[in-house]
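Asker: start04.tsv is the file, holding TSV, C-alpha atoms:
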chain	number	residue	atom	x	y	z
A	17	ASN	CA	29.29	11.77	-0.85
A	18	VAL	CA	25.52	11.41	-1.06
A	19	ASN	CA	25.49	11.80	-4.84
A	20	ALA	CA	27.86	8.87	-5.35
A	21	LEU	CA	25.87	6.73	-2.90
A	22	LEU	CA	22.61	7.58	-4.67
A	23	HIS	CA	24.05	6.69	-8.08
A	24	GLN	CA	25.36	3.38	-6.70
A	25	ALA	CA	21.97	2.57	-5.14
A	26	VAL	CA	19.99	3.42	-8.28
A	27	ALA	CA	22.32	1.20	-10.35
A	28	GLY	CA	22.16	-1.61	-7.77
A	29	ASN	CA	21.67	-5.18	-8.99
A	30	TRP	CA	19.02	-5.73	-6.26
A	31	ARG	CA	16.70	-3.44	-8.25
A	32	SER	CA	14.66	-5.16	-10.96
A	33	ALA	CA	14.62	-3.99	-14.58
A	34	ALA	CA	10.93	-3.12	-14.13
A	35	HIS	CA	11.77	-0.86	-11.16
A	36	LYS	CA	14.69	0.76	-12.99
A	37	ALA	CA	12.35	1.47	-15.93
A	38	ARG	CA	10.40	3.85	-13.64
A	39	ASP	CA	13.47	6.03	-12.92
A	40	GLN	CA	12.80	8.19	-15.99
A	41	TYR	CA	9.46	9.24	-14.43
A	42	ARG	CA	10.33	9.21	-10.73
A	43	HIS	CA	13.79	10.87	-10.83
A	44	PRO	CA	14.92	9.34	-7.53
A	45	ILE	CA	18.36	10.99	-7.40
A	46	LYS	CA	17.07	14.50	-8.16
A	47	THR	CA	14.09	14.01	-5.83
A	48	LEU	CA	16.12	12.85	-2.83
A	49	ASP	CA	18.71	15.54	-3.53
A	50	PHE	CA	15.93	18.17	-3.54
A	51	PHE	CA	14.67	16.89	-0.18
A	52	GLY	CA	18.23	17.18	1.17
A	53	LEU	CA	18.92	13.53	1.98
A	54	LYS	CA	22.25	12.91	3.76
A	55	PRO	CA	23.78	9.48	4.51
A	56	ASP	CA	23.84	10.09	8.29
A	57	MET	CA	20.15	10.96	8.68
A	58	GLY	CA	17.37	9.16	10.50
A	59	VAL	CA	14.71	8.81	7.79
A	60	ILE	CA	11.15	7.46	8.03
A	61	GLU	CA	9.44	6.35	4.81
A	62	LEU	CA	5.64	6.14	5.03
A	63	SER	CA	3.74	3.21	3.49
A	64	PRO	CA	6.55	1.86	1.29
A	65	GLY	CA	4.25	-0.39	-0.78
A	66	GLY	CA	6.45	-2.69	-2.85
A	67	GLY	CA	9.60	-0.91	-1.66
A	68	TRP	CA	10.49	0.98	-4.81
A	69	TYR	CA	12.16	3.78	-2.85
A	70	THR	CA	13.31	1.43	-0.06
A	71	GLU	CA	15.70	-0.18	-2.54
A	72	ILE	CA	17.43	3.21	-2.92
A	73	LEU	CA	17.14	4.60	0.61
A	74	ALA	CA	18.33	1.49	2.48
A	75	PRO	CA	21.85	1.26	1.00
A	76	VAL	CA	22.41	5.05	1.15
A	77	LEU	CA	21.57	5.15	4.89
A	78	ARG	CA	22.97	1.74	5.85
A	79	ASP	CA	26.40	2.67	7.20
A	80	HIS	CA	25.90	6.04	8.89
A	81	GLY	CA	22.15	6.68	9.13
A	82	GLN	CA	18.93	4.84	9.89
A	83	LEU	CA	15.99	3.96	7.64
A	84	ILE	CA	12.70	3.26	9.40
A	85	GLU	CA	9.85	1.92	7.30
A	86	ALA	CA	6.38	2.86	8.55
A	87	ALA	CA	4.65	-0.18	7.06
A	88	PRO	CA	1.31	-1.94	7.58
A	89	PRO	CA	1.41	-4.35	10.53
A	90	LEU	CA	1.53	-8.10	9.83
A	91	THR	CA	-2.03	-8.65	11.06
A	92	GLY	CA	-5.44	-9.12	9.45
A	93	ASP	CA	-4.85	-12.26	7.36
A	94	GLY	CA	-5.81	-12.24	3.73
A	95	THR	CA	-6.50	-8.52	3.42
A	96	PHE	CA	-4.84	-6.45	0.70
A	97	MET	CA	-2.81	-4.55	3.32
A	98	HIS	CA	-1.77	-7.77	5.09
A	99	ASN	CA	-0.58	-9.33	1.82
A	100	MET	CA	1.37	-6.20	0.97
A	101	ALA	CA	2.92	-6.18	4.46
A	102	MET	CA	3.94	-9.84	4.09
A	103	ARG	CA	5.56	-9.19	0.71
A	104	PHE	CA	7.43	-6.16	2.04
A	105	SER	CA	8.62	-8.07	5.11
A	106	ALA	CA	9.88	-10.89	2.86
A	107	LYS	CA	11.70	-8.32	0.70
A	108	LEU	CA	13.56	-6.88	3.72
A	109	LYS	CA	14.63	-10.41	4.77
A	110	SER	CA	15.66	-11.39	1.23
A	111	ASP	CA	18.85	-9.31	1.08
A	112	PRO	CA	20.51	-8.61	4.46
A	113	ALA	CA	23.42	-6.83	2.76
A	114	VAL	CA	21.00	-4.15	1.50
A	115	TYR	CA	18.14	-4.22	4.03
A	116	GLY	CA	19.72	-5.76	7.14
A	117	LYS	CA	19.71	-2.53	9.15
A	118	VAL	CA	16.25	-1.29	8.14
A	119	GLN	CA	13.83	-0.97	11.06
A	120	THR	CA	10.04	-0.98	10.84
A	121	VAL	CA	7.25	0.70	12.80
A	122	PRO	CA	3.58	-0.38	12.45
A	123	PHE	CA	1.64	2.24	10.51
A	124	ALA	CA	-2.06	1.90	9.66
A	125	PRO	CA	-3.85	5.25	9.50
A	126	PRO	CA	-6.06	6.36	11.10
A	127	ALA	CA	-5.71	3.80	13.93
A	128	GLU	CA	-1.90	3.60	14.08
A	129	VAL	CA	-0.06	6.77	13.06
A	130	LYS	CA	2.61	7.36	15.72
A	131	LEU	CA	5.97	7.18	13.95
A	132	GLY	CA	8.30	7.27	16.97
A	133	PRO	CA	9.36	9.61	19.77
A	134	ASP	CA	8.63	13.30	19.20
A	135	ASN	CA	11.51	15.35	17.70
A	136	SER	CA	13.52	12.23	16.82
A	137	ALA	CA	13.70	12.00	13.00
A	138	ASP	CA	15.62	14.09	10.48
A	139	MET	CA	13.33	13.35	7.54
A	140	VAL	CA	9.92	11.83	6.76
A	141	LEU	CA	9.14	10.87	3.17
A	142	THR	CA	5.93	9.87	1.38
A	143	PHE	CA	5.75	8.88	-2.28
A	144	ARG	CA	2.35	8.73	-4.03
A	145	ASN	CA	0.47	7.75	-0.83
A	146	THR	CA	-1.39	10.82	0.35
A	147	HIS	CA	-4.49	10.15	-1.79
A	148	ASP	CA	-4.91	6.79	0.01
A	149	TRP	CA	-5.20	8.55	3.38
A	150	MET	CA	-7.40	11.23	1.84
A	151	ASN	CA	-9.68	8.50	0.47
A	152	HIS	CA	-10.14	7.27	4.02
A	153	SER	CA	-11.02	10.82	5.10
A	154	PRO	CA	-9.50	14.32	5.05
A	155	GLN	CA	-9.07	13.91	8.83
A	156	THR	CA	-6.94	10.79	8.29
A	157	LEU	CA	-4.65	12.67	5.92
A	158	ALA	CA	-4.40	15.50	8.47
A	159	LYS	CA	-3.50	12.94	11.18
A	160	VAL	CA	-0.64	11.62	9.04
A	161	PHE	CA	0.70	15.15	8.47
A	162	GLN	CA	0.50	15.78	12.22
A	163	ALA	CA	2.31	12.50	12.98
A	164	ALA	CA	5.09	13.49	10.56
A	165	PHE	CA	5.32	16.92	12.21
A	166	ASN	CA	5.50	15.40	15.71
A	167	VAL	CA	8.25	12.87	14.96
A	168	LEU	CA	10.50	15.35	13.14
A	169	LYS	CA	13.25	17.30	14.86
A	170	HIS	CA	13.09	21.09	14.57
A	171	GLY	CA	14.55	21.82	11.15
A	172	GLY	CA	13.55	18.34	9.94
A	173	THR	CA	12.12	17.79	6.45
A	174	PHE	CA	8.81	16.29	5.36
A	175	GLY	CA	9.12	15.37	1.68
A	176	VAL	CA	5.91	14.74	-0.26
A	177	VAL	CA	5.48	13.43	-3.81
A	178	GLU	CA	1.87	13.06	-4.95
A	179	HIS	CA	-0.21	12.74	-8.11
A	180	ARG	CA	-1.42	16.19	-9.05
A	181	ALA	CA	-5.05	17.13	-9.71
A	182	LYS	CA	-6.10	20.20	-11.66
A	183	PRO	CA	-5.50	23.43	-9.70
A	184	PHE	CA	-8.19	24.16	-7.11
A	185	ALA	CA	-10.10	20.96	-7.94
A	186	ASP	CA	-12.19	19.56	-5.08
A	187	ALA	CA	-9.64	17.52	-3.14
A	188	GLU	CA	-11.95	14.75	-1.90
A	189	THR	CA	-13.64	14.25	-5.28
A	190	SER	CA	-10.41	14.19	-7.31
A	191	SER	CA	-8.75	11.89	-4.77
A	192	LYS	CA	-11.58	9.35	-4.82
A	193	ALA	CA	-12.19	9.42	-8.57
A	194	LEU	CA	-8.66	9.95	-9.91
A	195	HIS	CA	-6.26	9.28	-6.98
A	196	ARG	CA	-5.02	12.86	-7.33
A	197	ILE	CA	-4.90	15.81	-4.94
A	198	PRO	CA	-4.60	19.49	-5.91
A	199	GLU	CA	-1.23	20.99	-5.03
A	200	ASP	CA	-2.83	24.01	-3.35
A	201	TYR	CA	-4.71	21.70	-0.94
A	202	MET	CA	-1.50	19.87	0.04
A	203	ILE	CA	0.42	23.08	0.64
A	204	GLU	CA	-2.42	24.51	2.73
A	205	LEU	CA	-2.59	21.32	4.82
A	206	GLY	CA	1.18	21.46	5.42
A	207	LEU	CA	0.97	25.07	6.56
A	208	LYS	CA	-2.07	24.35	8.78
A	209	THR	CA	-0.10	21.52	10.41
A	210	GLY	CA	2.66	23.98	11.34
A	211	PHE	CA	5.21	23.29	8.62
A	212	ARG	CA	6.93	25.94	6.56
A	213	LEU	CA	7.06	25.36	2.80
A	214	ALA	CA	10.78	25.22	2.05
A	215	GLY	CA	10.56	24.35	-1.63
A	216	VAL	CA	8.39	23.28	-4.56
A	217	SER	CA	9.94	21.36	-7.44
A	218	GLU	CA	8.75	20.37	-10.90
A	219	ILE	CA	11.24	17.43	-11.02
A	220	ASN	CA	8.34	14.95	-11.19
A	221	ALA	CA	6.01	17.02	-13.38
A	222	ASN	CA	4.61	15.51	-16.57
A	223	PRO	CA	3.11	18.16	-18.87
A	224	LYS	CA	1.73	15.40	-21.16
A	225	ASP	CA	-0.61	14.21	-18.41
A	226	PRO	CA	-4.09	15.78	-18.86
A	227	GLU	CA	-4.70	15.37	-15.07
A	228	ASP	CA	-8.28	14.18	-15.70
A	229	VAL	CA	-7.52	10.44	-15.90
A	230	ASN	CA	-7.30	7.98	-13.00
A	231	VAL	CA	-3.58	7.51	-12.29
A	232	HIS	CA	-3.94	3.71	-12.32
A	233	ARG	CA	-4.90	3.87	-16.00
A	234	LEU	CA	-1.44	5.34	-16.72
A	235	PRO	CA	1.84	3.39	-16.52
A	236	PRO	CA	2.97	1.33	-14.73
A	237	ASP	CA	-0.49	-0.08	-13.86
A	238	LEU	CA	-2.31	0.47	-17.19
A	239	VAL	CA	-5.65	-0.58	-15.71
A	240	GLY	CA	-8.26	-0.48	-18.47
A	241	PRO	CA	-8.70	-1.58	-22.09
A	242	LYS	CA	-5.60	-2.72	-23.97
A	243	SER	CA	-6.63	-0.54	-26.90
A	244	ASP	CA	-5.75	2.53	-24.76
A	245	HIS	CA	-2.30	1.31	-23.68
A	246	ALA	CA	-0.28	2.82	-26.53
A	247	LYS	CA	-1.84	6.25	-25.96
A	248	LEU	CA	-1.35	6.03	-22.18
A	249	ASN	CA	2.23	4.76	-22.48
A	250	ALA	CA	2.95	7.79	-24.66
A	251	ILE	CA	1.77	10.03	-21.78
A	252	GLY	CA	3.94	8.22	-19.21
A	253	GLU	CA	3.43	8.20	-15.45
A	254	ALA	CA	1.15	10.72	-13.76
A	255	ASP	CA	2.05	14.38	-13.29
A	256	ARG	CA	3.33	14.83	-9.73
A	257	MET	CA	3.97	17.58	-7.25
A	258	THR	CA	7.16	17.48	-5.18
A	259	LEU	CA	6.89	19.49	-1.95
A	260	LYS	CA	9.51	20.09	0.72
A	261	PHE	CA	8.11	21.06	4.13
A	262	VAL	CA	10.30	21.91	7.13
A	263	LYS	CA	9.37	21.85	10.83
A	264	PRO	CA	10.34	25.23	12.29
Let's see the structure in the file written out as structure tokens.
Answerer:
Amino acid sequence: NVNALLHQAVAGNWRSAAHKARDQYRHPIKTLDFFGLKPDMGVIELSPGGGWYTEILAPVLRDHGQLIEAAPPLTGDGTFMHNMAMRFSAKLKSDPAVYGKVQTVPFAPPAEVKLGPDNSADMVLTFRNTHDWMNHSPQTLAKVFQAAFNVLKHGGTFGVVEHRAKPFADAETSSKALHRIPEDYMIELGLKTGFRLAGVSEINANPKDPEDVNVHRLPPDLVGPKSDHAKLNAIGEADRMTLKFVKP
């Protein structure tokens, strides 16, 4: 039962209190349920960062499925991406009972985007990453969408959660300045890539977010003057779109 496994994973003692505090904004059980996660799937998570979602996906897929983390390669000493890759690698090694069966594939758009053999994965997931690829270039973001399309089986799901910009805002400008992308741009890119839009959810919406503030000024990062923190904490994490694309 995927619901029971998700509840067990979210309550897991390998998750820190700080990570659990984000559940109220990130709704991991509802989000993964919306994307149609099943325990026997082959799932690729793109750019896992600190592994917030890895902590939930790994135990759910451990016994009957496969989790593949498309993570930055362990090269380029001293860079931000290298340090993040080292921390993530250490995390996977730290708890074999949870992460022992997780596989990794080097992923560094735009240079390295191939996620595996074509038509091999059941699901590809990305959480709050797409603005990073957009900030490199719109072509880089398009390459990532194409790589997700290629690796998925027919009928496979590409699940996208991203910080939302104001409707019909300029995608490049809002991404660079605010780390947000307009929902219409993301949907159009998915359709251009060849996906069908199978669902749009407001699970991760936040109506308190004015959508004109850089997402890193909001929790959990709270970058900026301390005098603003109370106001920004009252808003909560950024408003997010949750899009379910399917490869025909």
Asker: As an exercise, work out the distance from atom CA of A:Leu48 to atom CA of A:Ala163 in Å and give it to one decimal place.
Answerer: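 About the pair atom CA of A:Leu48 and atom CA of A:Ala163: they are 21.0 Å apart.
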Asker: Taking all atoms listed in the file into account, name the residue in A:Pro154, A:Gly132, A:Gly172, A:Pro75 that is nearest to A:Tyr115.
Answerer: A:Pro75
Asker: Find the residues around A:Arg103 up to 12 Å (all atoms listed in the file counted), leave out those fewer than 4 positions away in its own chain, and share them as a PyMOL selection string.
Answerer: chain A and resi 64-67+87-90+96-99+107-110
Asker: Do you know which residues are at most 8 Å from A:Glu253 counting all atoms listed in the file, after dropping those on the same chain fewer than 2 positions away, and could you put them as a list of chain:residue names?
Answerer: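 My reading of the contact set: A:Tyr41, A:Asn222, A:Asp225, A:Val231, A:Leu234, A:Pro235, A:Pro236, A:Asn249, A:Ile251, A:Asp255.
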Asker: For the point (-0.4, 7.6, 4.2) in file coordinates, what residues are within 10 Å, counting all atoms listed in the file? Give the answer as JSON, numbers by chain?
Answerer: {"A": [61, 62, 63, 64, 86, 87, 123, 124, 125, 126, 129, 142, 143, 144, 145, 146, 147, 148, 149, 150, 152, 156, 157, 158, 159, 160, 161]}
Asker: Point out the residue among A:Gly52, A:Ala254, A:Asp79, A:Ala113 with the least atom-to-atom distance to A:Val177, counting all atoms listed in the file.
Answerer: A:Ala254
Asker: Pick the closest to A:Gly171 from A:His232, A:Glu199, A:Phe261, A:Leu205: which is it, counting all atoms listed in the file?
Answerer: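 Checking each candidate against A:Gly171, we get A:Phe261 as the closest.
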Asker: What does the distance from atom CA of A:Asp244 to atom CA of A:Pro198 come to in Å, to one decimal?
Answerer: 25.4 Å
Asker: So that all listed atoms of stretch 106-112 of chain A fit with 8 Å spare on each side, what axis-aligned box centre and edge lengths in Å, to one decimal, would you give as lines of an AutoDock Vina configuration file?
Answerer:
center_x = 15.2
center_y = -9.1
center_z = 2.7
size_x = 26.6
size_y = 20.5
size_z = 20.1
Asker: For atom CA of A:Glu71 and atom CA of A:Phe50, quote the distance in Å rounded to one decimal.
Answerer: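 So the two atoms, atom CA of A:Glu71 and atom CA of A:Phe50, lie 18.4 Å apart.
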Asker: Nearest to A:His195 among A:Ser136, A:Asn151, A:Gln119, A:Thr47, with distances taken over all atoms listed in the file: which residue is it?
Answerer: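 Closest to A:His195 of all the choices is A:Asn151.
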Asker: Write out as a PyMOL selection string which residues come within 9 Å of A:Arg212 when counting only C-alpha atoms, dropping same-chain ones fewer than 2 positions away.
Answerer: chain A and resi 206-207+210+214+260-264
Asker: Identify the residues within 9 Å of coordinate (6.2, 17.0, -6.2) (same frame as the file), considering all atoms listed in the file, and give the answer as a list in words.
Answerer: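 Residues close enough to count: Thr47, Gly175, Val176, Val177, Glu178, His179, Arg180, Glu199, Val216, Ser217, Glu218, Ile219, Asn220, Ala221, Asp255, Arg256, Met257, Thr258, Leu259 and Lys260 of chain A.
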Asker: Ranking A:Leu168, A:Leu22, A:Val114, A:Ile197 by minimum distance to A:Lys182 and counting all atoms listed in the file, which one comes first?
Answerer: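 Checking each candidate against A:Lys182, we get A:Ile197 as the closest.
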Asker: Go through A:Gln24, A:Ser32, A:Thr173, A:Asn19 one by one, measure the shortest atom-to-atom distance of each to A:Asp49 using only C-alpha atoms, and give the residue with the smallest value.
Answerer: A:Asn19
